[in-house]
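*Asks:* My structure is below; once you've seen it, I'll send some questions.
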Amino acid sequence: MTNALSKLLETRDWLMADGATGTNLFNMGLSSGDAPELWNEEHPDRIKKLYSFAVDNGSDIFLTNSFGGNASRLKLHDAAHRARELSRISAELGRDVADASGRTVVVAGSVGPTGDIMQPVGTLSHADAVEIFHEQAEGLKEGGADVLWLETISAPEEYKAAAEAFALADMPWVGTMSFDTAGRTMMGVTSADMVKMVDDIPNAPLGFGANCGTGSSDLLRTVLGFSAQGTEKLIVAKGNAGIPKYHDGHIHYDGTPELMGDYAVMARDCGATIIGGCCGTMPEHLNAMRKALETRPRGERPTLEQIAEKLGGFSSATDGTGDDAAAPKRERRGRRRAS
């Protein structure tokens with residue numbers, strides 16, 4: 001399969017990814033607790049609209065509506081047997097939108113966590129995890145995805161199982177983790193740990209990075225942690241649009257388009273090559289991010305103080321690596337689900 005992502009990377013030194021999936025779909029009528037992947041069949045027009053939000057506002061890459069499209073997650077909706085099919089449809093819809101755009105746009109097959117805890121702590125075996133990820137990968141491949149995109153992973157064991165599955169599918173891939181617990185993933189992985197893990201994986205990803213988490217400031221501190229390791233792989237930054245706040249019965253993210261423009265440029269200056277948004281990132285945010293990336297020159301790598309001044313303080317004093325000095329801290333904690 002032609003590696004469309006690598007070819008596009010030959011044309012520029014940065015690429016813009018997409019924004020939120022869940023936030024945008026909720027605005028279209030998705031109810032909390034429903035499986036977004038079922039909309040691939042039930043409301044294909046809305047899923048194409050979701051993809052078009054990204055393409056029309058400058059994204060070079062967009063993720064398919066398949067984050068929870070694995071058998072383990074879909075069994076909660078009595079649809080485990082449809083994992084491959086629903087993933088295929090999500091990619092087919094994406095292929096239609098990308099091919100009609102008139103420019104090169106990469107369709108990235110989104111693969112989220114299984115939702116189960118892997119052995120020895122939990123019950124999910126390595127072999128079963130590989131099988132689950134492989135099934136979804138084959139569906140995304142059949143649908144025309146250019147690359148597989150693993151995201152919001154916390155456990156290194158799950159990341160490695162996905163890598164093995166993607167090798168079986170013979171697909172290039174990118175993989176991000178979510179650093180949302182004092183600079184670590186829920187399973188304790190630091191930015192330095194991730195760089196070492198990625199370097200040691202036999203089927204290494206084209207790029208790696210961070211998505212979601214607890215805010216754009218924290219995410220950029222993690223990106224600085226990646227860069228500090230001297231990695232030569234491309235780094236991905238996909239941060240939330242500010243901080244989630246509860247208002248009138250709904251969760252809203254307080255990041256303005258202006259803030260996300262600042263975030264995008266600072267992410268590039270921190271060392272990220274692929275820059276996008278996650279939860280709360282709407283079309284207007286993407287538009288501002290694209291304009292900022294196109295019009296503002298590269299700058300020096302920002303300090304933690306400069307990041308905090310522009311984007312707000314951090315949720316914890318350090319990122320868990322022991323290498324960073326204490327930085328301005330914000331007084332809030334928030335939990336999240338994928339975009």
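Every chain in the structure tokens has a letter given in the order shown (A, B, ...), and although residue numbers restart at 1 in each chain, ligands are simply numbered from 1 in the order shown.
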I need the residues of stretch 16-221 of chain A that end up classed as alpha helix (DSSP H) by DSSP on the backbone, written out as a PyMOL selection string.

*Replies:* chain A and resi 22-27+39-42+44-56+71-74+83-99+126-143+156-169+191-200+216-221

*Asks:* Produce a table with one row for each residue of stretch 225-273 of chain A that has an atom at most 10 Å from any atom of stretch 14-18 of chain A, each row naming the nearest atom pair and its distance in Å at one decimal; use only C-alpha atoms; arrange rows by chain and rising residue number; format as CSV.

*Replies:*
residue,atom,partner,partner_atom,distance
A:Leu234,CA,A:Trp14,CA,9.6
A:Val236,CA,A:Ala17,CA,9.1
A:Ala237,CA,A:Ala17,CA,9.1
A:Lys238,CA,A:Ala17,CA,7.9
A:Ala264,CA,A:Met16,CA,8.9
A:Arg268,CA,A:Trp14,CA,7.4
A:Gly271,CA,A:Trp14,CA,9.9
A:Ala272,CA,A:Trp14,CA,7.8
A:Thr273,CA,A:Trp14,CA,4.6

*Asks:* Can you list, as a ChimeraX atom specification, all residues belonging to stretch 96-147 of chain A that DSSP tags as strand (DSSP E)?

*Replies:* /A:106-111,147

*Asks:* If you measure from atom CA of A:Leu293 to atom CA of A:Gly230, what distance in Å do you get, rounded to one decimal?

*Replies:*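 Interatomic distance, atom CA of A:Leu293 to atom CA of A:Gly230: 23.4 Å.
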
*Asks:* Please provide the set of residues having any atom within 8 Å of A:Ser66, restricted to only C-alpha atoms, with same-chain residues fewer than 4 positions apart removed, written as a ChimeraX atom specification.

*Replies:* /A:36-37,70,86-87,90,109-112

*Asks:* I need the residues from that last selection saved to file as a PDB file, in the first residue's frame (with all heavy atoms), if you can.

*Replies:*
ATOM      1  N   PRO A  36     -20.823   5.823  18.722  1.00  0.00           N
ATOM      2  CA  PRO A  36     -20.701   6.654  17.519  1.00  0.00           C
ATOM      3  C   PRO A  36     -20.502   5.829  16.257  1.00  0.00           C
ATOM      4  O   PRO A  36     -20.933   6.236  15.167  1.00  0.00           O
ATOM      5  CB  PRO A  36     -19.468   7.516  17.815  1.00  0.00           C
ATOM      6  CG  PRO A  36     -19.334   7.516  19.294  1.00  0.00           C
ATOM      7  CD  PRO A  36     -19.812   6.163  19.738  1.00  0.00           C
ATOM      8  N   GLU A  37     -19.866   4.659  16.406  1.00  0.00           N
ATOM      9  CA  GLU A  37     -19.557   3.838  15.226  1.00  0.00           C
ATOM     10  C   GLU A  37     -20.807   3.329  14.516  1.00  0.00           C
ATOM     11  O   GLU A  37     -20.768   3.077  13.308  1.00  0.00           O
ATOM     12  CB  GLU A  37     -18.664   2.664  15.643  1.00  0.00           C
ATOM     13  CG  GLU A  37     -17.289   3.068  16.140  1.00  0.00           C
ATOM     14  CD  GLU A  37     -17.294   3.648  17.546  1.00  0.00           C
ATOM     15  OE1 GLU A  37     -18.259   3.380  18.312  1.00  0.00           O
ATOM     16  OE2 GLU A  37     -16.350   4.398  17.887  1.00  0.00           O
ATOM     17  N   ASN A  70     -13.747  -1.499  18.104  1.00  0.00           N
ATOM     18  CA  ASN A  70     -13.217  -2.859  18.288  1.00  0.00           C
ATOM     19  C   ASN A  70     -14.261  -3.735  18.977  1.00  0.00           C
ATOM     20  O   ASN A  70     -15.211  -3.247  19.592  1.00  0.00           O
ATOM     21  CB  ASN A  70     -11.898  -2.836  19.069  1.00  0.00           C
ATOM     22  CG  ASN A  70     -12.049  -2.271  20.470  1.00  0.00           C
ATOM     23  OD1 ASN A  70     -12.660  -2.893  21.345  1.00  0.00           O
ATOM     24  ND2 ASN A  70     -11.495  -1.077  20.717  1.00  0.00           N
ATOM     25  N   LEU A  86     -18.063  -2.212  10.639  1.00  0.00           N
ATOM     26  CA  LEU A  86     -18.242  -0.806  10.969  1.00  0.00           C
ATOM     27  C   LEU A  86     -16.964  -0.007  10.765  1.00  0.00           C
ATOM     28  O   LEU A  86     -17.005   1.164  10.352  1.00  0.00           O
ATOM     29  CB  LEU A  86     -18.743  -0.662  12.406  1.00  0.00           C
ATOM     30  CG  LEU A  86     -20.159  -1.179  12.664  1.00  0.00           C
ATOM     31  CD1 LEU A  86     -20.469  -1.196  14.151  1.00  0.00           C
ATOM     32  CD2 LEU A  86     -21.193  -0.317  11.912  1.00  0.00           C
ATOM     33  N   SER A  87     -15.825  -0.628  11.025  1.00  0.00           N
ATOM     34  CA  SER A  87     -14.552   0.049  10.778  1.00  0.00           C
ATOM     35  C   SER A  87     -14.345   0.253   9.276  1.00  0.00           C
ATOM     36  O   SER A  87     -13.877   1.311   8.839  1.00  0.00           O
ATOM     37  CB  SER A  87     -13.400  -0.760  11.375  1.00  0.00           C
ATOM     38  OG  SER A  87     -13.462  -0.744  12.796  1.00  0.00           O
ATOM     39  N   SER A  90     -16.462   3.161   8.116  1.00  0.00           N
ATOM     40  CA  SER A  90     -15.919   4.455   8.559  1.00  0.00           C
ATOM     41  C   SER A  90     -14.814   4.932   7.619  1.00  0.00           C
ATOM     42  O   SER A  90     -14.708   6.127   7.317  1.00  0.00           O
ATOM     43  CB  SER A  90     -15.381   4.356   9.993  1.00  0.00           C
ATOM     44  OG  SER A  90     -14.137   3.680  10.046  1.00  0.00           O
ATOM     45  N   GLY A 109      -7.091   5.642  10.013  1.00  0.00           N
ATOM     46  CA  GLY A 109      -8.034   4.741  10.661  1.00  0.00           C
ATOM     47  C   GLY A 109      -7.875   4.749  12.166  1.00  0.00           C
ATOM     48  O   GLY A 109      -6.911   4.178  12.695  1.00  0.00           O
ATOM     49  N   SER A 110      -8.800   5.382  12.857  1.00  0.00           N
ATOM     50  CA  SER A 110      -8.707   5.516  14.308  1.00  0.00           C
ATOM     51  C   SER A 110      -8.920   4.183  15.014  1.00  0.00           C
ATOM     52  O   SER A 110      -9.889   3.472  14.759  1.00  0.00           O
ATOM     53  CB  SER A 110      -9.740   6.526  14.809  1.00  0.00           C
ATOM     54  OG  SER A 110      -9.771   6.561  16.226  1.00  0.00           O
ATOM     55  N   VAL A 111      -8.012   3.874  15.930  1.00  0.00           N
ATOM     56  CA  VAL A 111      -8.088   2.661  16.752  1.00  0.00           C
ATOM     57  C   VAL A 111      -7.890   3.083  18.207  1.00  0.00           C
ATOM     58  O   VAL A 111      -6.806   3.539  18.584  1.00  0.00           O
ATOM     59  CB  VAL A 111      -7.021   1.631  16.345  1.00  0.00           C
ATOM     60  CG1 VAL A 111      -7.084   0.408  17.263  1.00  0.00           C
ATOM     61  CG2 VAL A 111      -7.171   1.230  14.888  1.00  0.00           C
ATOM     62  N   GLY A 112      -8.920   2.953  19.005  1.00  0.00           N
ATOM     63  CA  GLY A 112      -8.819   3.309  20.414  1.00  0.00           C
ATOM     64  C   GLY A 112      -8.536   2.097  21.281  1.00  0.00           C
ATOM     65  O   GLY A 112      -8.395   0.968  20.792  1.00  0.00           O
TER      66      GLY A 112
END

*Asks:* So that I can see what lies close to stretch 155-164 of chain A, please list as number ranges by chain the residues with an atom at most 8 Å from it, counting only C-alpha atoms and leaving out residues fewer than 4 positions away in the same chain.

*Replies:* A: 113, 118, 126-127, 129-130, 133-134, 150, 168, 175, 185-187, 189, 197, 201, 203-205

*Asks:* Which residue out of A:Asn27, A:Thr21, A:His285, A:Val107 has the minimum interatomic distance to A:Asn65 when only C-alpha atoms are used?

*Replies:*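 Closest to A:Asn65 of all the choices is A:Thr21.
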
*Asks:* Measuring atom to atom with only C-alpha atoms, identify which of A:Lys310, A:Arg184, A:Arg301, A:Lys141 is nearest to A:Glu258.

*Replies:*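 Once distances to A:Glu258 are computed over only C-alpha atoms, the minimum belongs to A:Lys310.
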
*Asks:* Just want the 6 Å neighbourhood of A:Tyr253, counted on only C-alpha atoms, with same-chain residues fewer than 5 positions away dropped. Output as a VMD selection string.

*Replies:* chain A and resid 241 to 244 280

*Asks:* Excluding same-chain residues fewer than 6 positions from A:Tyr51, what lies within 8 Å of it counting only C-alpha atoms, as a VMD selection string?

*Replies:* chain A and resid 62 to 64 94 97

*Asks:* Please save N, CA and C atoms of the selected residues as a PDB file, in the first residue's frame.

*Replies:*
ATOM      1  N   PHE A  62      -7.302  13.369   8.697  1.00  0.00           N
ATOM      2  CA  PHE A  62      -8.431  13.256   9.611  1.00  0.00           C
ATOM      3  C   PHE A  62      -8.608  11.799  10.006  1.00  0.00           C
ATOM      4  N   LEU A  63      -9.129  11.614  11.224  1.00  0.00           N
ATOM      5  CA  LEU A  63      -9.312  10.279  11.786  1.00  0.00           C
ATOM      6  C   LEU A  63     -10.725   9.778  11.512  1.00  0.00           C
ATOM      7  N   THR A  64     -10.839   8.498  11.261  1.00  0.00           N
ATOM      8  CA  THR A  64     -12.144   7.898  10.984  1.00  0.00           C
ATOM      9  C   THR A  64     -12.959   7.747  12.264  1.00  0.00           C
ATOM     10  N   GLY A  94     -14.660   8.039   4.768  1.00  0.00           N
ATOM     11  CA  GLY A  94     -13.516   8.940   4.779  1.00  0.00           C
ATOM     12  C   GLY A  94     -12.827   9.017   3.437  1.00  0.00           C
ATOM     13  N   VAL A  97     -14.699  11.390   1.140  1.00  0.00           N
ATOM     14  CA  VAL A  97     -14.474  12.804   1.441  1.00  0.00           C
ATOM     15  C   VAL A  97     -13.069  13.231   1.027  1.00  0.00           C
TER      16      VAL A  97
END

*Asks:* Between atom CA of A:Val55 and atom CA of A:Glu294, measure the distance and give it in Å to one decimal.

*Replies:*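 We find that atom CA of A:Val55 and atom CA of A:Glu294 lie 15.7 Å from each other.
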
*Asks:* Give me, please, the distance in Å between atom CA of A:Gly322 and atom CA of A:Gly215, quoted to one decimal.

*Replies:* 20.4 Å

*Asks:* Please provide the set of residues having any atom within 8 Å of A:Pro283, restricted to only C-alpha atoms, with same-chain residues fewer than 6 positions apart removed, written as a count of residues only.

*Replies:* 4

*Asks:* Nearest to A:Arg298: which of A:Phe314, A:Ala71, A:Lys48, A:Asp13 is it, counting only C-alpha atoms?

*Replies:*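 Looking at the shortest contact to A:Arg298, the residue is A:Asp13.
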
*Asks:* Between A:Leu8, A:Leu76, A:Ala91, A:Ala228, which has the minimum distance to A:Ile47 (counting only C-alpha atoms)?

*Replies:* A:Ala91
